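The block underneath contains the structure these notes are about, expressed in structure tokens.
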Amino acid sequence: MRKFTATPLALILTLTIGTAAHAETVFVRAGRLIDPESGTVLAKRLLRVEDGRVAAITADTGAALPAGASVIDWTAFTVLPGLIDCHVHLADTEQSNNPAEPLLHAPMEIAYIGARHARETLLAGFTTVHDVGSFRAFADVELRNAIDRGDVIGPRMQAVGAYITVPGGGGEVTGFSPDVQIPQDMRAGVVTDAADARAKANFLFQHGADSLKLIATGAVLASGTEAGQQELTEDEMRATVEVAAARHSWVTAHAHGAAGIKAAIRAGVRAIEHASLIDDEGIALAKAKGVWLDMDVYNGDYIDEVGRRDHWPENYLRKNTETTQAQRDAFAKAVKAGVRLSYGTDAGVYPNGLNARQFKYMVRFGMTPLQAIQSATIVSAELLGWSKDVGSLSPGHYADMVAVKGDPLADITVLEHVDHVAKAGVVVK
């Protein structure tokens, strides 16, 4: 029997690109298997993988497997489904102290930066992501396509193409002299009324977007906007939701302020990102409408620590202080209320690949370790509309897996350093 414990990068690329990558049957021996669907832990399980998907799960009795079978021996590890992050920015530069940073990198360079971020994210155990925007329009779409073709390794991606935002709003590159001309590919989603929002939404879908991203309120990390201030009108947001619905897709909204959050929910968005200043009425509305809250409760500490160390703009730091604890208090209320809480980190503000740092914050502010894992698996898979494919290891799902030596139900921080990762049954770490 052939055992896989690690795979060199050259072999990863060969397996990913080659047509025979998923042709063989692979057996996975798991010492412990966390099943987020049932909320149980199963000891000594044998997974049979065919064509990249789980075909069966049985008790591992130690019996001999078919001669020549390919075996991934993870008997010394806890295995769980590949993790999902519903709020990342792979196809862009990471946050710095320079508001002009997005202007310093040509589209060609962004492509290579995005490929590196995709690899870092996959090797961290996040096998599926929702990339919710890059300043260069469609950089995320092209990265998704490159991963799907096997040109680069990375997670399964959904992409939004560009931010839908008001002129000078939270989705714009801001913070310099008014005579500076921003490249047009950085303004592909700028809208001025509901008709324009409808037109831009159609444009994004026509060029490969999977879903849409609205900037409903101001942003923390953008000059000239205030986090609590509503920017897009309810009519503008509803227009994009109608376009998405006609294309059997959906909309997520960046929204910090209470009024903007409720307007976005009334307009029909499926998820709210950040939700920092959400009030009790907004939490109740999200619960009643079945809207997911995608709350990046780790991010504030990173911004405060690194932002102060590296002298990020003072207005960034002020707005971060105004939203961080409020968001965490709201998160705790949302957990108690039973609101759907997906796993979204805003990776790209902090280095991609550190996505799992958020788990301990979700536990600190009200979740059990199992709830946090479910958030990053079955709950997020449902948000993305991919619950039949990812987020679980029951038969029919992709064999996307992570393996850790410790027990994440006893110490959630073990997920910050996963030992092994597989995507569609192919070991990539």
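Lettering and numbering for the structure tokens are positional, with chains as A, B, ... in the shown order, residues counted from 1 in each chain, and ligands counted from 1 in the shown order.
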
Excluding Arg136 of chain A and residues on its chain fewer than 5 positions from it, collect all residues at most 7 Å away from it, counting only C-alpha atoms, and give them as a list in words.
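Counting only C-alpha atoms, the residues come to Pro107, Asp185 and Met186 of chain A.
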
Go ahead and dump the residues you just picked, N, CA and C atoms, as a short mmCIF file (atom, residue, chain, number, x, y, z; two decimals), in the first residue's frame.
data_model
loop_
_atom_site.label_atom_id
_atom_site.label_comp_id
_atom_site.auth_asym_id
_atom_site.auth_seq_id
_atom_site.Cartn_x
_atom_site.Cartn_y
_atom_site.Cartn_z
N PRO A 107 -1.89 45.44 -12.43
CA PRO A 107 -2.72 44.23 -12.46
C PRO A 107 -1.91 42.94 -12.61
N ASP A 185 -10.48 50.65 -13.76
CA ASP A 185 -10.74 49.28 -13.29
C ASP A 185 -10.86 49.20 -11.78
N MET A 186 -10.56 50.30 -11.09
CA MET A 186 -10.79 50.36 -9.65
C MET A 186 -12.14 50.99 -9.31
#

Name all residues at most 12 Å from Gly169 of chain A (count only C-alpha atoms; drop same-chain ones fewer than 5 positions away) and give them as a PyMOL selection string.
chain A and resi 163-164+174-175+187+189-192+214-227+229-232+254

Would you save the residues from that selection as a tab-separated table (two decimals), in the first residue's frame, using C-alpha atoms?
chain	number	residue	atom	x	y	z
A	163	TYR	CA	-17.30	46.38	-4.85
A	164	ILE	CA	-20.66	48.06	-5.48
A	174	THR	CA	-9.44	57.16	-0.99
A	175	GLY	CA	-7.16	59.30	1.12
A	187	ARG	CA	-14.21	52.00	-10.11
A	189	GLY	CA	-18.76	49.04	-9.22
A	190	VAL	CA	-19.26	52.72	-8.39
A	191	VAL	CA	-22.97	53.60	-8.64
A	192	THR	CA	-24.99	56.80	-8.40
A	214	LEU	CA	-22.40	45.87	-1.53
A	215	ILE	CA	-20.69	48.54	0.54
A	216	ALA	CA	-23.80	49.58	2.43
A	217	THR	CA	-22.06	51.78	5.00
A	218	GLY	CA	-18.76	53.53	5.42
A	219	ALA	CA	-15.61	51.56	6.18
A	220	VAL	CA	-13.07	51.47	8.99
A	221	LEU	CA	-10.09	51.26	6.63
A	222	ALA	CA	-11.05	54.03	4.21
A	223	SER	CA	-10.56	57.74	4.64
A	224	GLY	CA	-13.50	60.07	4.12
A	225	THR	CA	-16.12	57.57	5.27
A	226	GLU	CA	-17.58	56.79	8.67
A	227	ALA	CA	-18.31	53.20	9.64
A	229	GLN	CA	-22.99	56.03	8.14
A	230	GLN	CA	-25.28	54.46	5.53
A	231	GLU	CA	-24.01	55.03	1.98
A	232	LEU	CA	-26.02	52.94	-0.50
A	254	HIS	CA	-20.48	45.19	4.08

Leaving out segment 353-364 of chain A and any residue of its chain fewer than 3 positions from it, which residues lie within 6 Å of it when counting only C-alpha atoms, given as number ranges by chain?
A: 120-121, 124, 298, 367-368, 416

Go ahead and save the picked residues with N, CA, C and O atoms, as a short mmCIF file (atom, residue, chain, number, x, y, z; two decimals), in the first residue's frame.
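Saved result, out-v2.cif, follows:
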data_model
loop_
_atom_site.label_atom_id
_atom_site.label_comp_id
_atom_site.auth_asym_id
_atom_site.auth_seq_id
_atom_site.Cartn_x
_atom_site.Cartn_y
_atom_site.Cartn_z
N GLU A 120 -1.27 30.21 0.37
CA GLU A 120 -1.15 30.34 1.83
C GLU A 120 -2.47 29.98 2.52
O GLU A 120 -2.47 29.33 3.57
N THR A 121 -3.57 30.38 1.92
CA THR A 121 -4.89 30.10 2.50
C THR A 121 -5.20 28.61 2.47
O THR A 121 -5.67 28.04 3.46
N ALA A 124 -3.27 26.63 4.97
CA ALA A 124 -3.74 26.88 6.33
C ALA A 124 -4.99 26.08 6.66
O ALA A 124 -5.50 26.17 7.78
N TYR A 298 -11.91 38.79 15.20
CA TYR A 298 -10.47 38.84 15.51
C TYR A 298 -9.84 40.13 15.02
O TYR A 298 -8.93 40.69 15.64
N MET A 367 -19.34 31.23 21.63
CA MET A 367 -19.56 29.95 20.97
C MET A 367 -18.83 28.82 21.70
O MET A 367 -17.82 29.05 22.36
N THR A 368 -19.34 27.62 21.55
CA THR A 368 -18.57 26.45 21.94
C THR A 368 -17.58 26.15 20.82
O THR A 368 -17.78 26.60 19.68
N GLU A 416 -5.01 26.62 14.37
CA GLU A 416 -4.13 27.66 13.84
C GLU A 416 -2.90 27.07 13.17
O GLU A 416 -2.19 27.78 12.45
#

Out of A:Pro313, A:Pro66, A:Gly150, A:Gly282, which residue has the shortest atom-to-atom distance to Ala100 of chain A when counting only C-alpha atoms?
A:Pro313

Select, from A:Gly425, A:Gly406, A:Gly257, A:Pro395, the residue with the minimum atom-to-atom distance to Arg32 of chain A, counting only C-alpha atoms.
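Answer, going by the shortest atom-to-atom distance: A:Gly406.
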
List the spatial neighbours of Tyr343 of chain A as a list of chain:residue names - criterion: any atom at most 9 Å away, only C-alpha atoms, same-chain residues fewer than 2 positions off excluded.
A:Ile84, A:Asp85, A:Cys86, A:His87, A:Leu293, A:Asp294, A:Met295, A:Asp296, A:Leu341, A:Thr345, A:Gln358, A:Phe359, A:Ala372, A:Ile373, A:Gln374, A:Ser375, A:Ala376, A:Thr377, A:Val379, A:Ser380

Any chance you can output those residues with N, CA, C and O atoms as a PDB file, in the first residue's frame?
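Saved file part17.pdb follows:
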ATOM      1  N   ILE A  84     -13.876  26.763   5.820  1.00  0.00           N
ATOM      2  CA  ILE A  84     -14.440  27.746   4.887  1.00  0.00           C
ATOM      3  C   ILE A  84     -14.327  29.138   5.505  1.00  0.00           C
ATOM      4  O   ILE A  84     -14.679  29.329   6.672  1.00  0.00           O
ATOM      5  N   ASP A  85     -13.850  30.097   4.722  1.00  0.00           N
ATOM      6  CA  ASP A  85     -13.817  31.496   5.144  1.00  0.00           C
ATOM      7  C   ASP A  85     -14.656  32.293   4.154  1.00  0.00           C
ATOM      8  O   ASP A  85     -14.333  32.362   2.969  1.00  0.00           O
ATOM      9  N   CYS A  86     -15.719  32.901   4.641  1.00  0.00           N
ATOM     10  CA  CYS A  86     -16.660  33.621   3.780  1.00  0.00           C
ATOM     11  C   CYS A  86     -16.318  35.095   3.583  1.00  0.00           C
ATOM     12  O   CYS A  86     -17.113  35.833   2.989  1.00  0.00           O
ATOM     13  N   HIS A  87     -15.144  35.519   4.065  1.00  0.00           N
ATOM     14  CA  HIS A  87     -14.772  36.927   3.896  1.00  0.00           C
ATOM     15  C   HIS A  87     -13.256  37.033   3.776  1.00  0.00           C
ATOM     16  O   HIS A  87     -12.548  37.198   4.772  1.00  0.00           O
ATOM     17  N   LEU A 293     -24.958  36.566   9.667  1.00  0.00           N
ATOM     18  CA  LEU A 293     -24.028  37.611  10.084  1.00  0.00           C
ATOM     19  C   LEU A 293     -22.625  37.037   9.981  1.00  0.00           C
ATOM     20  O   LEU A 293     -22.357  35.941  10.481  1.00  0.00           O
ATOM     21  N   ASP A 294     -21.753  37.768   9.325  1.00  0.00           N
ATOM     22  CA  ASP A 294     -20.396  37.322   9.032  1.00  0.00           C
ATOM     23  C   ASP A 294     -19.447  38.286   9.751  1.00  0.00           C
ATOM     24  O   ASP A 294     -19.006  39.289   9.178  1.00  0.00           O
ATOM     25  N   MET A 295     -19.149  37.993  11.018  1.00  0.00           N
ATOM     26  CA  MET A 295     -18.535  38.974  11.905  1.00  0.00           C
ATOM     27  C   MET A 295     -17.071  38.638  12.174  1.00  0.00           C
ATOM     28  O   MET A 295     -16.746  37.603  12.754  1.00  0.00           O
ATOM     29  N   ASP A 296     -16.197  39.540  11.766  1.00  0.00           N
ATOM     30  CA  ASP A 296     -14.744  39.337  11.835  1.00  0.00           C
ATOM     31  C   ASP A 296     -14.198  39.771  13.196  1.00  0.00           C
ATOM     32  O   ASP A 296     -13.470  40.755  13.316  1.00  0.00           O
ATOM     33  N   LEU A 341     -24.463  32.414  12.032  1.00  0.00           N
ATOM     34  CA  LEU A 341     -23.172  33.107  12.085  1.00  0.00           C
ATOM     35  C   LEU A 341     -22.165  32.327  11.257  1.00  0.00           C
ATOM     36  O   LEU A 341     -21.715  31.255  11.643  1.00  0.00           O
ATOM     37  N   THR A 345     -13.437  36.361   8.106  1.00  0.00           N
ATOM     38  CA  THR A 345     -12.338  36.965   8.855  1.00  0.00           C
ATOM     39  C   THR A 345     -11.842  38.312   8.336  1.00  0.00           C
ATOM     40  O   THR A 345     -11.156  39.022   9.055  1.00  0.00           O
ATOM     41  N   GLN A 358      -9.197  33.431  14.199  1.00  0.00           N
ATOM     42  CA  GLN A 358     -10.498  33.917  14.666  1.00  0.00           C
ATOM     43  C   GLN A 358     -11.217  32.906  15.541  1.00  0.00           C
ATOM     44  O   GLN A 358     -12.059  33.283  16.359  1.00  0.00           O
ATOM     45  N   PHE A 359     -10.915  31.625  15.395  1.00  0.00           N
ATOM     46  CA  PHE A 359     -11.664  30.600  16.145  1.00  0.00           C
ATOM     47  C   PHE A 359     -11.710  30.899  17.642  1.00  0.00           C
ATOM     48  O   PHE A 359     -12.760  30.838  18.272  1.00  0.00           O
ATOM     49  N   ALA A 372     -18.082  26.862  16.718  1.00  0.00           N
ATOM     50  CA  ALA A 372     -17.131  27.594  15.885  1.00  0.00           C
ATOM     51  C   ALA A 372     -16.731  26.760  14.673  1.00  0.00           C
ATOM     52  O   ALA A 372     -16.627  27.279  13.548  1.00  0.00           O
ATOM     53  N   ILE A 373     -16.502  25.467  14.883  1.00  0.00           N
ATOM     54  CA  ILE A 373     -16.159  24.583  13.760  1.00  0.00           C
ATOM     55  C   ILE A 373     -17.341  24.463  12.807  1.00  0.00           C
ATOM     56  O   ILE A 373     -17.164  24.490  11.576  1.00  0.00           O
ATOM     57  N   GLN A 374     -18.540  24.343  13.333  1.00  0.00           N
ATOM     58  CA  GLN A 374     -19.719  24.288  12.461  1.00  0.00           C
ATOM     59  C   GLN A 374     -19.871  25.585  11.670  1.00  0.00           C
ATOM     60  O   GLN A 374     -20.270  25.559  10.497  1.00  0.00           O
ATOM     61  N   SER A 375     -19.552  26.715  12.306  1.00  0.00           N
ATOM     62  CA  SER A 375     -19.597  27.988  11.594  1.00  0.00           C
ATOM     63  C   SER A 375     -18.689  27.962  10.370  1.00  0.00           C
ATOM     64  O   SER A 375     -19.063  28.454   9.295  1.00  0.00           O
ATOM     65  N   ALA A 376     -17.493  27.375  10.512  1.00  0.00           N
ATOM     66  CA  ALA A 376     -16.511  27.345   9.431  1.00  0.00           C
ATOM     67  C   ALA A 376     -16.673  26.147   8.510  1.00  0.00           C
ATOM     68  O   ALA A 376     -15.833  25.919   7.640  1.00  0.00           O
ATOM     69  N   THR A 377     -17.751  25.390   8.687  1.00  0.00           N
ATOM     70  CA  THR A 377     -17.996  24.238   7.819  1.00  0.00           C
ATOM     71  C   THR A 377     -19.441  24.278   7.306  1.00  0.00           C
ATOM     72  O   THR A 377     -19.725  24.943   6.318  1.00  0.00           O
ATOM     73  N   VAL A 379     -22.269  25.717   8.325  1.00  0.00           N
ATOM     74  CA  VAL A 379     -23.004  26.989   8.299  1.00  0.00           C
ATOM     75  C   VAL A 379     -22.534  27.848   7.132  1.00  0.00           C
ATOM     76  O   VAL A 379     -23.350  28.422   6.391  1.00  0.00           O
ATOM     77  N   SER A 380     -21.234  27.930   6.938  1.00  0.00           N
ATOM     78  CA  SER A 380     -20.701  28.724   5.829  1.00  0.00           C
ATOM     79  C   SER A 380     -20.986  28.073   4.485  1.00  0.00           C
ATOM     80  O   SER A 380     -21.211  28.769   3.488  1.00  0.00           O
TER      81      SER A 380
END

Identify, on the basis of only C-alpha atoms, every residue whose closest approach to Asp279 of chain A does not exceed 9 Å; exclude the query and any residue fewer than 6 positions from it along the same chain; express the result as a ChimeraX atom specification.
/A:257-259,330

Write the residues of the preceding selection, restricted to N, CA and C atoms, as a PDB file, in the first residue's frame.
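The result, stored in part.pdb:
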ATOM      1  N   GLY A 257     -22.906  50.088  10.373  1.00  0.00           N
ATOM      2  CA  GLY A 257     -23.901  50.867  11.095  1.00  0.00           C
ATOM      3  C   GLY A 257     -25.255  50.204  11.175  1.00  0.00           C
ATOM      4  N   ALA A 258     -25.982  50.470  12.257  1.00  0.00           N
ATOM      5  CA  ALA A 258     -27.273  49.817  12.515  1.00  0.00           C
ATOM      6  C   ALA A 258     -28.290  50.121  11.418  1.00  0.00           C
ATOM      7  N   ALA A 259     -28.392  51.372  10.993  1.00  0.00           N
ATOM      8  CA  ALA A 259     -29.381  51.731   9.975  1.00  0.00           C
ATOM      9  C   ALA A 259     -29.054  51.059   8.645  1.00  0.00           C
ATOM     10  N   ALA A 330     -22.023  42.525  20.201  1.00  0.00           N
ATOM     11  CA  ALA A 330     -23.129  42.146  19.316  1.00  0.00           C
ATOM     12  C   ALA A 330     -23.018  40.685  18.898  1.00  0.00           C
TER      13      ALA A 330
END

Extract, using only C-alpha atoms, all DNA, RNA and protein residues at most 7 Å from Thr93 of chain A, discarding same-chain residues fewer than 2 positions from it, and format them as a PyMOL selection string.
chain A and resi 95+102+113

Export of the given selection (all heavy atoms) as a compact mmCIF listing (two decimals), in the first residue's frame:
# COMPACT_ATOMS: atom_id res chain seq x y z
N GLN A 95 -3.26 44.92 3.72
CA GLN A 95 -3.37 46.26 4.28
C GLN A 95 -2.02 46.79 4.73
O GLN A 95 -1.20 46.06 5.30
CB GLN A 95 -4.33 46.23 5.47
CG GLN A 95 -4.65 47.59 6.04
CD GLN A 95 -5.47 48.43 5.08
OE1 GLN A 95 -6.41 47.94 4.46
NE2 GLN A 95 -5.13 49.71 4.96
N PRO A 102 -2.93 50.46 -2.99
CA PRO A 102 -3.52 49.78 -4.16
C PRO A 102 -3.04 50.34 -5.49
O PRO A 102 -3.08 49.64 -6.51
CB PRO A 102 -5.02 50.01 -3.98
CG PRO A 102 -5.20 50.20 -2.51
CD PRO A 102 -3.97 50.96 -2.08
N ILE A 113 0.47 38.13 -6.71
CA ILE A 113 0.17 38.28 -5.28
C ILE A 113 -1.01 37.41 -4.90
O ILE A 113 -1.01 36.71 -3.88
CB ILE A 113 -0.10 39.76 -4.94
CG1 ILE A 113 1.20 40.57 -5.05
CG2 ILE A 113 -0.71 39.89 -3.55
CD1 ILE A 113 0.99 42.07 -4.93

Cut-off 9 Å: closest segment 89-191 of chain A/segment 195-210 of chain A atom pairs per residue, using only C-alpha atoms, as a tab-separated table:
residue	atom	partner	partner_atom	distance
A:Ala137	CA	A:Leu204	CA	8.9
A:Phe138	CA	A:His207	CA	7.7
A:Asp140	CA	A:Ala209	CA	8.7
A:Val141	CA	A:Gly208	CA	6.2
A:Glu142	CA	A:Gly208	CA	8.7
A:Gln158	CA	A:Asp210	CA	5.7
A:Ala159	CA	A:Asp210	CA	5.4
A:Val160	CA	A:Ala209	CA	4.7
A:Gly161	CA	A:Ala209	CA	5.1
A:Ala162	CA	A:Leu204	CA	7.3
A:Ile164	CA	A:Ala197	CA	7.5
A:Thr165	CA	A:Ala197	CA	8.8
A:Ala188	CA	A:Lys200	CA	7.5
A:Gly189	CA	A:Lys200	CA	5.9
A:Val190	CA	A:Lys200	CA	7.8
A:Val191	CA	A:Ala197	CA	5.4

Using DSSP assignments from the backbone, pull out every residue in segment 80-227 of chain A that falls under strand (DSSP E) and give it to me as a list in words.
Leu80, Pro81, Leu83, Ile84, Asp85, Cys86, His87, Val88, Phe126, Thr127, Thr128, Val129, His130, Asp131, Arg156, Met157, Gln158, Ala159, Tyr163, Ile164, Leu212, Lys213, Leu214 and Ile215 of chain A

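Distance-wise, atom CA of Thr323 of chain A and atom CA of Phe176 of chain A end up 24.2 Å apart.
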
So, with only C-alpha atoms as the atoms that count, which of A:Val335, A:Ala286, A:Ala424, A:Ala245 lies closest to Pro81 of chain A?
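Result for the nearest residue to Pro81 of chain A: A:Ala424.
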